[in-house]
Amino acid sequence: MRLMNKHILLHLLQLSALVAVASCFSNTRSKSVSYSSTSAETLLPPEARRKVASPDEDLRKMQQKHRPIAESFIPSDFNPHPLLKNKHVQTIGGVFLRKNLDCAYVEEGVGGFTKVLQAIASIILPSSNKLLGDAALGDDSTNTFWDERQRITSCCSQDFFSVDIKYASERKTTYQSVESNGLVVIIHGLESNSNSSLSTDMAAAYHNDGLDVVCINFRGCCGTPNDTLGGYHLGFTDDLRHFLKVICNLWDENEMFDKRPIYLSGFSLGANVVTNCLGELGEAAFSVYNIHGAAVCGAPFDCEKNIKCLDSPGFNRVVYSQNFLKTMKKRAQDQLDRHCDGDPNTTAFDYHGVMAANTVAEVENAFIAPVYGYRDNVDYYRCTSCYYYLPGVAVPLYIINAADDPFFDSEFYPIEETVDGGSLAPVKLLRTSHGGHLGFIFHQLEENETSQGKVASWMPLELARFIRHVGESQ
């Protein structure tokens with residue numbers, strides 16, 4: 001999620017004011033494109049439909065091999081401060097305050113809460129000119145966390161994407177340090193990039209465990225415009241799969257490059273892409289690409305259901321949906337100018353529909369669907385929702401979602417597709433009561449516990465703990 005007005009944050013973190021403001025908004029439904037329809041079962045993507053109907057024997061064996069690893073993992077408890085557990089406080093606070101350890105972890109008593117208020121005050125002062133690393137990633141000089149950037153030609157050879165690298169120890173060769181326990185590939189969310197506070201927080205957690213880390217910037221998200229129309233979407237696994245092939249080729253072509261475990265991670269849209277990729281690859285994730293496991297947060301299981309929540313009239317539409325609309329419309333305008341000769345009547349997508357859109361669904365219907373060959377936005381949601389790909393996952397996968405995530409349908413909880421629900425797929429799902437969308441901050445420390453020495457907030461460390469569990473179990 002991109003930056004918001006600083007003053008919005010102040011109001012949101014005052015819980016009573018938040019509730020009062022949210023209750024004032026109208027519940028009137030405006031015009032929109034389709035949000036729901038009949039069962040999507042017959043419209044599933046072919047690879048997902050095949051795995052749901054009859055998983056092949058190789059996939060079944062691989063799932064049986066890895067299921068005990070996922071099943072044996074015991075999730076930790078997320079325990080937010082009672083005055084700071086509101087879903088909007090968590091969601092927006094996570095963007096601005098994650099890197100402040102006094103906000104990532106809150107000490108008991110008045111003292112801990114006071115430190116949170118001081119942190120809020122520090123970021124809304126006029127003298128504050130940067131918000132904790134969530135500024136858009138521009139040229140390489142603005143990127144201080146990562147050690148190196150590589151530009152990779154896309155699989156179609158007509159575009160490119162960039163990956164940023166953090167080495168666990170002294171650099172040995174590209175993508176690998178002298179001593180590391182493997183490589184973690186992070187996939188960011190919608191309108192984000194490798195320089196977001198959550199991308200670097202996750203990278204820090206994995207790096208702390210002796211892992212090399214790369215973050216793939218989707219096309220157009222690295223600070224340089226991409227070369228073809230479009231960029232990425234909920235089901236866009238092309239660049240991730242291409243990067244995995246790049247690593248595979250290095251095993252054969254570069255004698256200095258050791259074959260070490262690969263792990264995938266991501267958040268929000270990136271969590272969807274990671275899950276879809278694992279479902280598409282099936283047993284090949286392990287046997288061909290040496291992917292040992294994955295850990296994601298904020299997986300949008302059913303996007304057809306979720307879009308109604310994100311675009312719902314009231315607080316969600318005024319704050320979240322409008323925030324996305326600004327950047328999505330700007331991206332569409334840039335794409336028109338760069339790839340469609342600035343012609344507003346282009347047939348490549350519905351430019352006028354994008355500019356007139358009042359919801360994310362309308363933008364996706366006018367831009368994403370036609371650019372990527374979907375019939376409409378509903379067809380797009382059905383074909384890309386990661387819920388349908390879970391049966392094809394063959395390696396241990398940990399998913400952390402919050403029950404109060406304001407972007408998602410709170411009634412949809414696919415426990416039946418996890419080890420705890422009896423599924424053969426090695427998927428472990430933690431559904432916390434609080435956390436909002438990707439927030440998971442203001443975690444209360446146990447008695448005599450301190451935030452000193454913690455390199456990241458609760459959720460990234462929890463994801464890293466699962467990856468560590470997978471590595472120790474194989």
# chains A, B, ... in the order shown; residues from 1 in each chain; ligands from 1
>>> residues_around(residues="A:Phe257", least_positions_apart="4", cutoff="7 Å", atoms="only C-alpha atoms", output="PyMOL selection string")
chain A and resi 173+250-251
>>> write_last_selection(atoms="C-alpha atoms", output="PDB file, in the first residue's frame")
ATOM      1  CA  THR A 173      28.746 -14.738  -6.982  1.00  0.00           C
ATOM      2  CA  LEU A 250      23.281 -21.015 -12.818  1.00  0.00           C
ATOM      3  CA  TRP A 251      23.552 -24.471 -11.229  1.00  0.00           C
TER       4      TRP A 251
END
>>> select_by_dssp(residues="stretch 295-352 of chain A", states="alpha helix (DSSP H)", output="MDAnalysis selection string")
chainID A and resid 303:310 315 322:339 351:352
>>> closest_atom_pairs(of="stretch 311-383 of chain A", to="stretch 75-97 of chain A", cutoff="12 Å", atoms="only C-alpha atoms", output="tab-separated table")
residue	atom	partner	partner_atom	distance
A:Phe315	CA	A:His88	CA	9.3
A:Asn316	CA	A:His88	CA	9.2
A:Val319	CA	A:Ile92	CA	9.9
A:Tyr320	CA	A:Ile92	CA	9.4
A:Asn323	CA	A:Ile92	CA	11.6
>>> write_last_selection(atoms="C-alpha atoms", output="compact mmCIF listing (two decimals), in the first residue's frame")
# COMPACT_ATOMS: atom_id res chain seq x y z
CA PHE A 315 -14.17 3.84 5.14
CA ASN A 316 -12.70 1.16 2.85
CA VAL A 319 -9.27 5.46 2.27
CA TYR A 320 -8.02 2.16 0.80
CA ASN A 323 -5.50 5.26 -2.40
>>> closest_residue(among="A:Thr384, A:Asn254, A:Ser321, A:Asn365", to="A:Phe236", atoms="only C-alpha atoms")
A:Thr384
>>> residues_around(residues="A:Phe243", least_positions_apart="2", cutoff="10 Å", atoms="only C-alpha atoms", output="list in words")
Ile152, Thr153, Ser154, Cys155, Phe161, Val163, Val185, Ile216, Asp238, Asp239, Leu240, Arg241, Lys245, Val246, Ile247, Cys248 and Asn249 of chain A
>>> atom_distance(atom1="atom CA of A:Lys428", atom2="atom CA of A:Val455")
24.3 Å
>>> residues_around(residues="A:Gly182", least_positions_apart="3", cutoff="7 Å", atoms="only C-alpha atoms", output="list in words")
Leu211, Asp212, Arg260, Pro261 and Ile262 of chain A
>>> atom_distance(atom1="atom CA of A:Gly279", atom2="atom CA of A:Leu390")
6.0 Å
